[in-house]
2 protein chains.
Amino acid sequence: MRSRRATAPVPCDQCPLRERRSFRNLSEGELAFMLSFKRGELVVAPGATILLEESASPHLYTILEGWAFRHKSLADGRRQVLNFALPGDLLGLQVAVMNDMQHTVTALTEARLCVFQRDKVWTVFEDHPELAFAMTWMAAHEEQLLDGHLLSIGQRSALERAAYLILHVYERAEAVGYADHDELQAPFGQGHFADALGITPVHLSRTLKKLREQGLVQWRDDCLVILDRPRLEELAAYERTEPLPRPLI
Amino acid sequence: MRSRRATAPVPCDQCPLRERRSFRNLSEGELAFMLSFKRGELVVAPGATILLEESASPHLYTILEGWAFRHKSLADGRRQVLNFALPGDLLGLQVAVMNDMQHTVTALTEARLCVFQRDKVWTVFEDHPELAFAMTWMAAHEEQLLDGHLLSIGQRSALERAAYLILHVYERAEAVGYADHDELQAPFGQGHFADALGITPVHLSRTLKKLREQGLVQWRDDCLVILDRPRLEELAAYERTEPLPRPLI
DNA sequence: CGGACTGTTGATCGGTATCAATGCTCGTGG
DNA sequence: CCACGAGCATTGATACCGATCAACAGTCCG
C-alpha cells in the first residue's frame, strides 16, 4: 500500500463536504469533538488497499475525496464488488464495533481519507449521541443499498442490472458533486463493473453494446453518459428515492 | 394481518433469550431501561406482514420466538428474499433511524415479537450508550450477512449457493436453539429458498436432488438434514466464523 | 518497438429459465 | 366419508441467457 501526505489536513469545521447540501449539519459541540476525534488524513494511490479482510485495522475512515470500492472474494479468486464508496462514506465501521472485518476496501482513484481512532468509538457513544446516531444511520443506509443490490443481482437480467447500477452509481456520484448533467467520469473499468454485477467482463461488454445501440447510455474512455434517462429507468425498474438528508462522519 | 395476544409479556430481565450463551449480558441499568422501553408483545400468524415497505411503522421489533424473512420485490412481482430473521434479530431499525423502510418483513411461522416505540430510539442514544452500541452492532452484523449473500448470489453457482445457504441458515438456527445435530425443522418452503438464492423453484428442486444424490443433505417434509458437513462446506466454500458474542436488543 | 492490459467481437458450450404434465398433501365442502 | 380443488414439489423437453475459449484491436508504458 503506497501512501503519502499531500496538503495539510482539513479541520472538520472547515470540511469541504459540509458545504454540500446533501449533508446535514452538526452542532457546535459535535464539531468540536470531531476536531479531536480526527487523527489525521491519509492519501492513498489508486489500487491501494485501505482495509483488508480478516485484519483488524486500528483506524476508521471517512472518504474526503476520491472513489473506493468494497469487495469480497471466494477462495478460488472469484470476486464480488459489494459497493462503491464515495466522499462522506464511512469505512471500517464493522471492525470498529465488531472487531471483525469481512471484506476488503480498495481505492479506485487517488483518495484522501479522514482517519479516526477505532478505540475512541466508544467515547462517541458515551459522550456524543448525535454522532453515534449518525454512525448508525450510515450503517442502516449501507444496508439499504445492499438490499437493493441483492434484489438486482438476484432478480434482474444482465441488461436490467447494468442499467440499474449505472443509475445508482450516477446518483450517488452526483450527490457529492462527482457527476453532472447525466455525465460521469467513471473511475472504474468494465472489470470492476462486471464484478459488481456478477457477470463476466465479456458479457458486460456485449450488454453495454445493447444499451448503446438502444441509445440509452454511452461509455467510452471513462466517460459514462446517460443519454435517455426515462427509458433507462424504465428498463431498470429504477425507483429514484429522493435523497435523504444525510449525516456526515 | 392477523394477530392475537398469547401469554403475558415477558419482562426483559427474564427474557428467555438471555439464557442462551450466544447472547451478551446487559448491565443492571440497561436492563432497567429495557423494561420501560419495551412496550408490549405482539404475536403474529404465519404469513403476516410485520413491516411493510414504504410505510412507516411507529414500532421497532425484536423477535422473541419464531422465524420471519425480509424481502423486496420488483414492480413485476419478481421477489428477492434478502435474509431470514430469527430470535434476537432486530426488525425495523431502518425506519427508526432513517424514517424510510425499503423492504418488507413477513412472518414465516407464528412469531412472538417484542414491541418498542420508535420515537424512544433517540432516548436510547442519549441515555444508554451501551444499548445504542448494541443497535449499531446489529446493523453492522446484518450488513456483514448481506455482504456474504451478495458474494454468494453474484459469484457462486446454483449448487454452491444452495449449499452455502443451507449451512448459513442452519448455523443461525442452531445459535438460538432452533436446530441441533445437523438437523433443522425448516419453516420455509422451496419457494422461499429459491427466492433467497435468486433461482427458480423448479431449478432449486433439481439442485436439491443433486445434493441428495451426492449424500450431502436431505430435505423432506420440512425436515432439513446435513448429512455430510465437510463435503457440503467444501462445495460451498463455506468458512465457518466462530459466532461472535452478540448483544441483545 | 514490444509487451501488458483492457475492451471488443465471434463461435460454441453449459447452466438456468420456461413451459408443461404429474403426483402429492391438505383443507374444504358435499 | 369421499370428492374436489389449491398449493407445492418433482420430472421432462426445450429455449435462451450468459460463460467460456479464442482472436484481435487500442492504449499505455517501459
# chains A, B, ... in the order shown; residues from 1 in each chain; ligands from 1
>>> interface_residues(of="chain B", to="chain D", cutoff="9 Å", atoms="only C-alpha atoms (C1' of nucleotides)", output="ChimeraX atom specification")
/B:189-191,201-202,205-206
>>> write_last_selection(atoms="C-alpha atoms", output="PDB file, in the first residue's frame")
ATOM      1  CA  GLY B 189     -40.818 -23.930   1.560  1.00  0.00           C
ATOM      2  CA  GLN B 190     -38.704 -24.307  -1.541  1.00  0.00           C
ATOM      3  CA  GLY B 191     -40.306 -21.211  -2.959  1.00  0.00           C
ATOM      4  CA  PRO B 201     -38.211 -23.144  -7.640  1.00  0.00           C
ATOM      5  CA  VAL B 202     -38.003 -25.681 -10.444  1.00  0.00           C
ATOM      6  CA  SER B 205     -35.742 -28.768  -6.863  1.00  0.00           C
ATOM      7  CA  ARG B 206     -33.225 -30.155  -9.339  1.00  0.00           C
TER       8      ARG B 206
END
>>> interface_residues(of="chain B", to="chain C", cutoff="12 Å", atoms="only C-alpha atoms (C1' of nucleotides)", output="PyMOL selection string")
chain B and resi 157-159+198-204+206-207+221
>>> write_last_selection(atoms="C-alpha atoms", output="short mmCIF file (atom, residue, chain, number, x, y, z; two decimals), in the first residue's frame")
data_model
loop_
_atom_site.label_atom_id
_atom_site.label_comp_id
_atom_site.auth_asym_id
_atom_site.auth_seq_id
_atom_site.Cartn_x
_atom_site.Cartn_y
_atom_site.Cartn_z
CA SER B 157 -23.31 -21.45 -9.00
CA ALA B 158 -26.78 -22.58 -8.00
CA LEU B 159 -25.42 -25.72 -6.41
CA GLY B 198 -32.15 -15.99 -6.94
CA ILE B 199 -33.11 -19.12 -8.83
CA THR B 200 -36.36 -20.72 -9.92
CA PRO B 201 -38.21 -23.14 -7.64
CA VAL B 202 -38.00 -25.68 -10.44
CA HIS B 203 -34.28 -25.35 -10.64
CA LEU B 204 -33.93 -25.46 -6.88
CA ARG B 206 -33.23 -30.15 -9.34
CA THR B 207 -30.36 -28.65 -7.38
CA ASP B 221 -41.32 -32.70 4.71
#
>>> interface_residues(of="chain A", to="chain B", cutoff="6 Å", atoms="only C-alpha atoms", output="ChimeraX atom specification")
/A:80,94,97,125-126,129,136-137,139-140,143,150-151,154,198
>>> residues_around(residues="region 165-178 of chain A", least_positions_apart="5", cutoff="9 Å", atoms="only C-alpha atoms (C1' of nucleotides)", output="VMD selection string")
chain A and resid 17 20 to 22 84 86 to 88 149 152 160 183 to 185 193 196 to 197 217 224 226 229 232 to 233 236 238 240 243
>>> select_by_dssp(residues="region 58-214 of chain A", states="strand (DSSP E or B)", output="ChimeraX atom specification")
/A:59-65,68-73,79-85,90-91,104-107,111-117,179-180,183-185
>>> write_last_selection(atoms="C-alpha atoms", output="mmCIF file, in the first residue's frame")
data_model
loop_
_atom_site.group_PDB
_atom_site.id
_atom_site.type_symbol
_atom_site.label_atom_id
_atom_site.label_comp_id
_atom_site.auth_asym_id
_atom_site.auth_seq_id
_atom_site.Cartn_x
_atom_site.Cartn_y
_atom_site.Cartn_z
ATOM 1 C CA HIS A 59 -8.464 3.002 12.212
ATOM 2 C CA LEU A 60 -11.791 4.052 10.888
ATOM 3 C CA TYR A 61 -12.033 6.234 7.821
ATOM 4 C CA THR A 62 -14.269 8.697 6.101
ATOM 5 C CA ILE A 63 -13.621 9.417 2.470
ATOM 6 C CA LEU A 64 -12.888 13.081 1.861
ATOM 7 C CA GLU A 65 -12.019 12.835 -1.807
ATOM 8 C CA ALA A 68 -13.050 3.328 -3.389
ATOM 9 C CA PHE A 69 -14.846 0.005 -3.520
ATOM 10 C CA ARG A 70 -15.729 -2.697 -1.056
ATOM 11 C CA HIS A 71 -15.236 -6.255 -2.244
ATOM 12 C CA LYS A 72 -15.039 -9.848 -1.118
ATOM 13 C CA SER A 73 -13.714 -12.952 -2.835
ATOM 14 C CA ARG A 79 -14.572 -11.580 -6.749
ATOM 15 C CA GLN A 80 -17.737 -9.709 -5.898
ATOM 16 C CA VAL A 81 -17.740 -5.933 -5.737
ATOM 17 C CA LEU A 82 -20.166 -5.227 -2.906
ATOM 18 C CA ASN A 83 -20.474 -1.499 -3.383
ATOM 19 C CA PHE A 84 -18.648 1.604 -4.415
ATOM 20 C CA ALA A 85 -17.673 4.204 -1.832
ATOM 21 C CA LEU A 90 -17.615 5.646 6.374
ATOM 22 C CA LEU A 91 -15.171 2.746 6.020
ATOM 23 C CA THR A 104 -11.663 -5.554 1.733
ATOM 24 C CA VAL A 105 -11.720 -1.895 0.725
ATOM 25 C CA THR A 106 -9.561 -0.716 -2.149
ATOM 26 C CA ALA A 107 -9.038 2.743 -3.588
ATOM 27 C CA ALA A 111 -8.227 9.164 -2.415
ATOM 28 C CA ARG A 112 -7.973 11.354 0.645
ATOM 29 C CA LEU A 113 -9.265 9.853 3.861
ATOM 30 C CA CYS A 114 -10.043 11.198 7.304
ATOM 31 C CA VAL A 115 -8.500 8.930 9.890
ATOM 32 C CA PHE A 116 -10.191 8.177 13.201
ATOM 33 C CA GLN A 117 -9.080 6.035 16.067
ATOM 34 C CA ALA A 179 -21.215 13.908 -11.770
ATOM 35 C CA ASP A 180 -23.459 16.314 -13.533
ATOM 36 C CA GLU A 183 -22.461 12.580 -17.347
ATOM 37 C CA LEU A 184 -19.948 10.824 -15.147
ATOM 38 C CA GLN A 185 -16.211 10.419 -15.232
#
>>> closest_residue(among="A:Pro58, A:Pro11, A:Gly47, A:Pro247", to="Arg118 (chain A)", atoms="only C-alpha atoms")
A:Pro58
>>> residues_around(residues="Leu31 (chain B)", least_positions_apart="3", cutoff="12 Å", atoms="only C-alpha atoms (C1' of nucleotides)", output="list in words")
Pro11, Cys12, Asp13, Gln14, Cys15, Arg18, Asn25, Leu26, Ser27, Glu28, Met34, Leu35, Ser36, Phe37, Lys38, His128, Glu130, Leu131, Leu248 and Ile249 of chain B
>>> write_last_selection(atoms="C-alpha atoms", output="short mmCIF file (atom, residue, chain, number, x, y, z; two decimals), in the first residue's frame")
data_model
loop_
_atom_site.label_atom_id
_atom_site.label_comp_id
_atom_site.auth_asym_id
_atom_site.auth_seq_id
_atom_site.Cartn_x
_atom_site.Cartn_y
_atom_site.Cartn_z
CA PRO B 11 -40.17 -8.67 31.35
CA CYS B 12 -36.81 -8.10 29.71
CA ASP B 13 -34.85 -9.16 32.76
CA GLN B 14 -36.47 -12.55 32.49
CA CYS B 15 -36.13 -12.75 28.73
CA ARG B 18 -30.73 -14.13 27.83
CA ASN B 25 -25.39 -9.78 29.06
CA LEU B 26 -26.68 -6.32 29.71
CA SER B 27 -25.87 -4.28 32.76
CA GLU B 28 -28.44 -3.74 35.50
CA MET B 34 -35.36 -2.01 28.68
CA LEU B 35 -38.24 -2.77 30.99
CA SER B 36 -39.64 0.65 30.26
CA PHE B 37 -38.58 0.74 26.63
CA LYS B 38 -40.46 -2.42 25.84
CA HIS B 128 -27.99 4.42 27.12
CA GLU B 130 -24.47 0.59 25.69
CA LEU B 131 -27.81 -0.13 24.06
CA LEU B 248 -29.38 -8.50 22.65
CA ILE B 249 -31.97 -5.86 21.87
#
>>> decode(residues="chain C", atoms="N, CA and C atoms (P, O5', C5', C4', C3', O3' and C1' of nucleotides)", output="mmCIF file, in the first residue's frame")
data_model
loop_
_atom_site.group_PDB
_atom_site.id
_atom_site.type_symbol
_atom_site.label_atom_id
_atom_site.label_comp_id
_atom_site.auth_asym_id
_atom_site.auth_seq_id
_atom_site.Cartn_x
_atom_site.Cartn_y
_atom_site.Cartn_z
ATOM 1 P P DC C 1 8.545 0.460 -35.487
ATOM 2 O "O5'" DC C 1 9.021 -0.324 -34.192
ATOM 3 C "C5'" DC C 1 10.405 -0.621 -34.052
ATOM 4 C "C4'" DC C 1 10.527 -1.388 -32.766
ATOM 5 C "C3'" DC C 1 9.494 -2.501 -32.636
ATOM 6 O "O3'" DC C 1 10.159 -3.730 -32.339
ATOM 7 C "C1'" DC C 1 9.443 -1.063 -30.715
ATOM 8 P P DG C 2 9.289 -5.140 -32.428
ATOM 9 O "O5'" DG C 2 8.943 -5.402 -30.895
ATOM 10 C "C5'" DG C 2 9.995 -5.436 -29.941
ATOM 11 C "C4'" DG C 2 9.390 -5.574 -28.571
ATOM 12 C "C3'" DG C 2 8.318 -6.654 -28.445
ATOM 13 O "O3'" DG C 2 8.508 -7.365 -27.241
ATOM 14 C "C1'" DG C 2 7.412 -4.570 -27.815
ATOM 15 P P DG C 3 7.720 -8.753 -26.995
ATOM 16 O "O5'" DG C 3 6.943 -8.405 -25.648
ATOM 17 C "C5'" DG C 3 7.615 -7.721 -24.599
ATOM 18 C "C4'" DG C 3 6.588 -7.208 -23.622
ATOM 19 C "C3'" DG C 3 5.443 -8.177 -23.342
ATOM 20 O "O3'" DG C 3 5.193 -8.212 -21.955
ATOM 21 C "C1'" DG C 3 4.583 -6.111 -24.045
ATOM 22 P P DA C 4 4.307 -9.340 -21.290
ATOM 23 O "O5'" DA C 4 3.239 -8.450 -20.493
ATOM 24 C "C5'" DA C 4 3.716 -7.370 -19.681
ATOM 25 C "C4'" DA C 4 2.564 -6.441 -19.377
ATOM 26 C "C3'" DA C 4 1.290 -7.181 -18.967
ATOM 27 O "O3'" DA C 4 0.762 -6.576 -17.794
ATOM 28 C "C1'" DA C 4 0.850 -5.691 -20.759
ATOM 29 P P DC C 5 -0.362 -7.309 -16.931
ATOM 30 O "O5'" DC C 5 -1.629 -6.379 -17.200
ATOM 31 C "C5'" DC C 5 -1.455 -4.963 -17.239
ATOM 32 C "C4'" DC C 5 -2.602 -4.341 -17.987
ATOM 33 C "C3'" DC C 5 -3.956 -5.041 -17.728
ATOM 34 O "O3'" DC C 5 -4.845 -4.090 -17.163
ATOM 35 C "C1'" DC C 5 -3.635 -4.564 -20.019
ATOM 36 P P DT C 6 -6.302 -4.588 -16.605
ATOM 37 O "O5'" DT C 6 -7.317 -3.967 -17.652
ATOM 38 C "C5'" DT C 6 -7.091 -2.652 -18.139
ATOM 39 C "C4'" DT C 6 -7.955 -2.396 -19.356
ATOM 40 C "C3'" DT C 6 -9.366 -2.986 -19.268
ATOM 41 O "O3'" DT C 6 -10.305 -1.935 -19.441
ATOM 42 C "C1'" DT C 6 -8.334 -3.546 -21.330
ATOM 43 P P DG C 7 -11.877 -2.205 -19.292
ATOM 44 O "O5'" DG C 7 -12.349 -2.417 -20.808
ATOM 45 C "C5'" DG C 7 -12.288 -1.307 -21.693
ATOM 46 C "C4'" DG C 7 -12.490 -1.781 -23.119
ATOM 47 C "C3'" DG C 7 -13.858 -2.408 -23.416
ATOM 48 O "O3'" DG C 7 -14.417 -1.725 -24.531
ATOM 49 C "C1'" DG C 7 -12.124 -3.775 -24.232
ATOM 50 P P DT C 8 -15.911 -2.044 -25.018
ATOM 51 O "O5'" DT C 8 -15.700 -3.003 -26.270
ATOM 52 C "C5'" DT C 8 -15.111 -2.475 -27.454
ATOM 53 C "C4'" DT C 8 -14.948 -3.587 -28.470
ATOM 54 C "C3'" DT C 8 -16.242 -4.314 -28.854
ATOM 55 O "O3'" DT C 8 -16.482 -4.065 -30.224
ATOM 56 C "C1'" DT C 8 -14.446 -5.839 -28.489
ATOM 57 P P DT C 9 -17.918 -4.349 -30.824
ATOM 58 O "O5'" DT C 9 -17.760 -5.813 -31.461
ATOM 59 C "C5'" DT C 9 -16.698 -6.073 -32.370
ATOM 60 C "C4'" DT C 9 -16.507 -7.560 -32.541
ATOM 61 C "C3'" DT C 9 -17.795 -8.393 -32.724
ATOM 62 O "O3'" DT C 9 -17.812 -8.895 -34.048
ATOM 63 C "C1'" DT C 9 -16.226 -9.466 -31.294
ATOM 64 P P DG C 10 -19.062 -9.719 -34.581
ATOM 65 O "O5'" DG C 10 -18.548 -11.232 -34.449
ATOM 66 C "C5'" DG C 10 -17.353 -11.630 -35.112
ATOM 67 C "C4'" DG C 10 -17.048 -13.088 -34.810
ATOM 68 C "C3'" DG C 10 -18.260 -14.033 -34.889
ATOM 69 O "O3'" DG C 10 -17.916 -15.152 -35.702
ATOM 70 C "C1'" DG C 10 -17.112 -14.313 -32.825
ATOM 71 P P DA C 11 -18.986 -16.258 -36.068
ATOM 72 O "O5'" DA C 11 -18.575 -17.417 -35.048
ATOM 73 C "C5'" DA C 11 -17.238 -17.924 -35.053
ATOM 74 C "C4'" DA C 11 -17.159 -19.143 -34.136
ATOM 75 C "C3'" DA C 11 -18.353 -20.101 -34.246
ATOM 76 O "O3'" DA C 11 -17.889 -21.444 -34.208
ATOM 77 C "C1'" DA C 11 -18.143 -19.315 -32.013
ATOM 78 P P DT C 12 -18.946 -22.664 -34.315
ATOM 79 O "O5'" DT C 12 -19.068 -23.130 -32.790
ATOM 80 C "C5'" DT C 12 -17.873 -23.380 -32.055
ATOM 81 C "C4'" DT C 12 -18.216 -23.565 -30.601
ATOM 82 C "C3'" DT C 12 -19.337 -24.575 -30.315
ATOM 83 O "O3'" DT C 12 -18.799 -25.586 -29.483
ATOM 84 C "C1'" DT C 12 -19.592 -22.615 -29.027
ATOM 85 P P DC C 13 -19.671 -26.855 -29.071
ATOM 86 O "O5'" DC C 13 -19.809 -26.618 -27.500
ATOM 87 C "C5'" DC C 13 -18.650 -26.241 -26.757
ATOM 88 C "C4'" DC C 13 -19.077 -25.909 -25.340
ATOM 89 C "C3'" DC C 13 -20.049 -26.903 -24.738
ATOM 90 O "O3'" DC C 13 -19.554 -27.306 -23.472
ATOM 91 C "C1'" DC C 13 -20.907 -24.686 -24.579
ATOM 92 P P DG C 14 -20.254 -28.441 -22.632
ATOM 93 O "O5'" DG C 14 -20.971 -27.604 -21.496
ATOM 94 C "C5'" DG C 14 -20.259 -26.585 -20.809
ATOM 95 C "C4'" DG C 14 -21.215 -25.804 -19.944
ATOM 96 C "C3'" DG C 14 -22.200 -26.671 -19.162
ATOM 97 O "O3'" DG C 14 -22.302 -26.100 -17.879
ATOM 98 C "C1'" DG C 14 -23.390 -25.108 -20.425
ATOM 99 P P DG C 15 -22.860 -26.889 -16.659
ATOM 100 O "O5'" DG C 15 -23.604 -25.763 -15.809
ATOM 101 C "C5'" DG C 15 -23.110 -24.427 -15.826
ATOM 102 C "C4'" DG C 15 -24.261 -23.462 -15.674
ATOM 103 C "C3'" DG C 15 -25.302 -23.855 -14.635
ATOM 104 O "O3'" DG C 15 -25.685 -22.672 -13.950
ATOM 105 C "C1'" DG C 15 -26.357 -23.639 -16.733
ATOM 106 P P DT C 16 -26.426 -22.782 -12.562
ATOM 107 O "O5'" DT C 16 -27.871 -22.227 -12.903
ATOM 108 C "C5'" DT C 16 -27.976 -20.945 -13.523
ATOM 109 C "C4'" DT C 16 -29.296 -20.804 -14.225
ATOM 110 C "C3'" DT C 16 -30.543 -21.180 -13.413
ATOM 111 O "O3'" DT C 16 -31.285 -19.993 -13.176
ATOM 112 C "C1'" DT C 16 -30.675 -21.951 -15.661
ATOM 113 P P DA C 17 -32.836 -20.016 -12.792
ATOM 114 O "O5'" DA C 17 -33.573 -19.872 -14.212
ATOM 115 C "C5'" DA C 17 -33.288 -18.736 -15.007
ATOM 116 C "C4'" DA C 17 -34.280 -18.609 -16.155
ATOM 117 C "C3'" DA C 17 -35.756 -18.601 -15.752
ATOM 118 O "O3'" DA C 17 -36.445 -17.645 -16.540
ATOM 119 C "C1'" DA C 17 -35.329 -20.464 -17.178
ATOM 120 P P DT C 18 -37.994 -17.342 -16.295
ATOM 121 O "O5'" DT C 18 -38.763 -18.303 -17.307
ATOM 122 C "C5'" DT C 18 -38.417 -18.273 -18.690
ATOM 123 C "C4'" DT C 18 -39.145 -19.367 -19.430
ATOM 124 C "C3'" DT C 18 -40.621 -19.529 -19.055
ATOM 125 O "O3'" DT C 18 -41.396 -19.377 -20.229
ATOM 126 C "C1'" DT C 18 -39.528 -21.626 -19.135
ATOM 127 P P DC C 19 -43.003 -19.220 -20.114
ATOM 128 O "O5'" DC C 19 -43.498 -20.680 -20.544
ATOM 129 C "C5'" DC C 19 -43.012 -21.256 -21.762
ATOM 130 C "C4'" DC C 19 -43.466 -22.685 -21.872
ATOM 131 C "C3'" DC C 19 -44.903 -22.944 -21.410
ATOM 132 O "O3'" DC C 19 -45.568 -23.711 -22.397
ATOM 133 C "C1'" DC C 19 -43.426 -24.438 -20.350
ATOM 134 P P DA C 20 -47.115 -23.995 -22.269
ATOM 135 O "O5'" DA C 20 -47.129 -25.483 -21.689
ATOM 136 C "C5'" DA C 20 -46.273 -26.466 -22.277
ATOM 137 C "C4'" DA C 20 -46.318 -27.743 -21.476
ATOM 138 C "C3'" DA C 20 -47.678 -28.066 -20.828
ATOM 139 O "O3'" DA C 20 -48.085 -29.368 -21.204
ATOM 140 C "C1'" DA C 20 -45.925 -28.335 -19.280
ATOM 141 P P DA C 21 -49.587 -29.859 -20.924
ATOM 142 O "O5'" DA C 21 -49.351 -31.189 -20.073
ATOM 143 C "C5'" DA C 21 -48.328 -32.104 -20.485
ATOM 144 C "C4'" DA C 21 -47.978 -32.982 -19.312
ATOM 145 C "C3'" DA C 21 -49.192 -33.491 -18.521
ATOM 146 O "O3'" DA C 21 -49.111 -34.900 -18.377
ATOM 147 C "C1'" DA C 21 -47.590 -32.534 -17.080
ATOM 148 P P DT C 22 -50.335 -35.705 -17.679
ATOM 149 O "O5'" DT C 22 -49.706 -36.123 -16.279
ATOM 150 C "C5'" DT C 22 -48.419 -36.730 -16.241
ATOM 151 C "C4'" DT C 22 -47.982 -36.829 -14.806
ATOM 152 C "C3'" DT C 22 -49.079 -37.310 -13.843
ATOM 153 O "O3'" DT C 22 -48.684 -38.531 -13.240
ATOM 154 C "C1'" DT C 22 -47.918 -35.435 -12.979
ATOM 155 P P DG C 23 -49.715 -39.303 -12.262
ATOM 156 O "O5'" DG C 23 -49.137 -38.945 -10.821
ATOM 157 C "C5'" DG C 23 -47.764 -39.159 -10.544
ATOM 158 C "C4'" DG C 23 -47.416 -38.575 -9.189
ATOM 159 C "C3'" DG C 23 -48.360 -39.009 -8.061
ATOM 160 O "O3'" DG C 23 -47.590 -39.294 -6.907
ATOM 161 C "C1'" DG C 23 -48.279 -36.658 -8.168
ATOM 162 P P DC C 24 -48.191 -40.140 -5.719
ATOM 163 O "O5'" DC C 24 -48.157 -39.127 -4.507
ATOM 164 C "C5'" DC C 24 -46.980 -38.338 -4.258
ATOM 165 C "C4'" DC C 24 -47.362 -37.135 -3.438
ATOM 166 C "C3'" DC C 24 -48.453 -37.412 -2.405
ATOM 167 O "O3'" DC C 24 -47.848 -37.613 -1.126
ATOM 168 C "C1'" DC C 24 -48.740 -35.302 -3.529
ATOM 169 P P DT C 25 -48.780 -38.009 0.119
ATOM 170 O "O5'" DT C 25 -49.119 -36.595 0.768
ATOM 171 C "C5'" DT C 25 -48.088 -35.622 0.931
ATOM 172 C "C4'" DT C 25 -48.694 -34.316 1.420
ATOM 173 C "C3'" DT C 25 -49.707 -34.495 2.550
ATOM 174 O "O3'" DT C 25 -49.414 -33.561 3.583
ATOM 175 C "C1'" DT C 25 -50.685 -33.269 0.746
ATOM 176 P P DC C 26 -50.149 -33.651 4.988
ATOM 177 O "O5'" DC C 26 -51.227 -32.478 4.875
ATOM 178 C "C5'" DC C 26 -50.821 -31.214 4.332
ATOM 179 C "C4'" DC C 26 -52.053 -30.405 4.012
ATOM 180 C "C3'" DC C 26 -53.188 -30.576 5.031
ATOM 181 O "O3'" DC C 26 -53.614 -29.309 5.482
ATOM 182 C "C1'" DC C 26 -54.007 -30.824 2.842
ATOM 183 P P DG C 27 -54.432 -29.192 6.843
ATOM 184 O "O5'" DG C 27 -55.610 -28.228 6.408
ATOM 185 C "C5'" DG C 27 -55.336 -27.124 5.528
ATOM 186 C "C4'" DG C 27 -56.585 -26.789 4.760
ATOM 187 C "C3'" DG C 27 -57.866 -26.735 5.611
ATOM 188 O "O3'" DG C 27 -58.621 -25.596 5.234
ATOM 189 C "C1'" DG C 27 -58.149 -28.290 3.846
ATOM 190 P P DT C 28 -59.928 -25.185 6.023
ATOM 191 O "O5'" DT C 28 -61.070 -25.354 4.957
ATOM 192 C "C5'" DT C 28 -60.779 -25.123 3.561
ATOM 193 C "C4'" DT C 28 -61.958 -25.600 2.730
ATOM 194 C "C3'" DT C 28 -63.284 -25.610 3.473
ATOM 195 O "O3'" DT C 28 -64.260 -24.876 2.748
ATOM 196 C "C1'" DT C 28 -62.914 -27.709 2.430
ATOM 197 P P DG C 29 -65.679 -24.584 3.369
ATOM 198 O "O5'" DG C 29 -66.639 -25.450 2.457
ATOM 199 C "C5'" DG C 29 -66.375 -25.548 1.053
ATOM 200 C "C4'" DG C 29 -67.171 -26.705 0.495
ATOM 201 C "C3'" DG C 29 -68.587 -26.818 1.052
ATOM 202 O "O3'" DG C 29 -69.470 -27.240 0.030
ATOM 203 C "C1'" DG C 29 -67.422 -28.801 1.500
ATOM 204 P P DG C 30 -71.008 -27.152 0.186
ATOM 205 O "O5'" DG C 30 -71.526 -28.492 -0.513
ATOM 206 C "C5'" DG C 30 -71.032 -28.839 -1.808
ATOM 207 C "C4'" DG C 30 -71.079 -30.341 -1.996
ATOM 208 C "C3'" DG C 30 -72.452 -30.957 -1.711
ATOM 209 O "O3'" DG C 30 -72.797 -31.877 -2.739
ATOM 210 C "C1'" DG C 30 -70.792 -32.022 -0.394
#
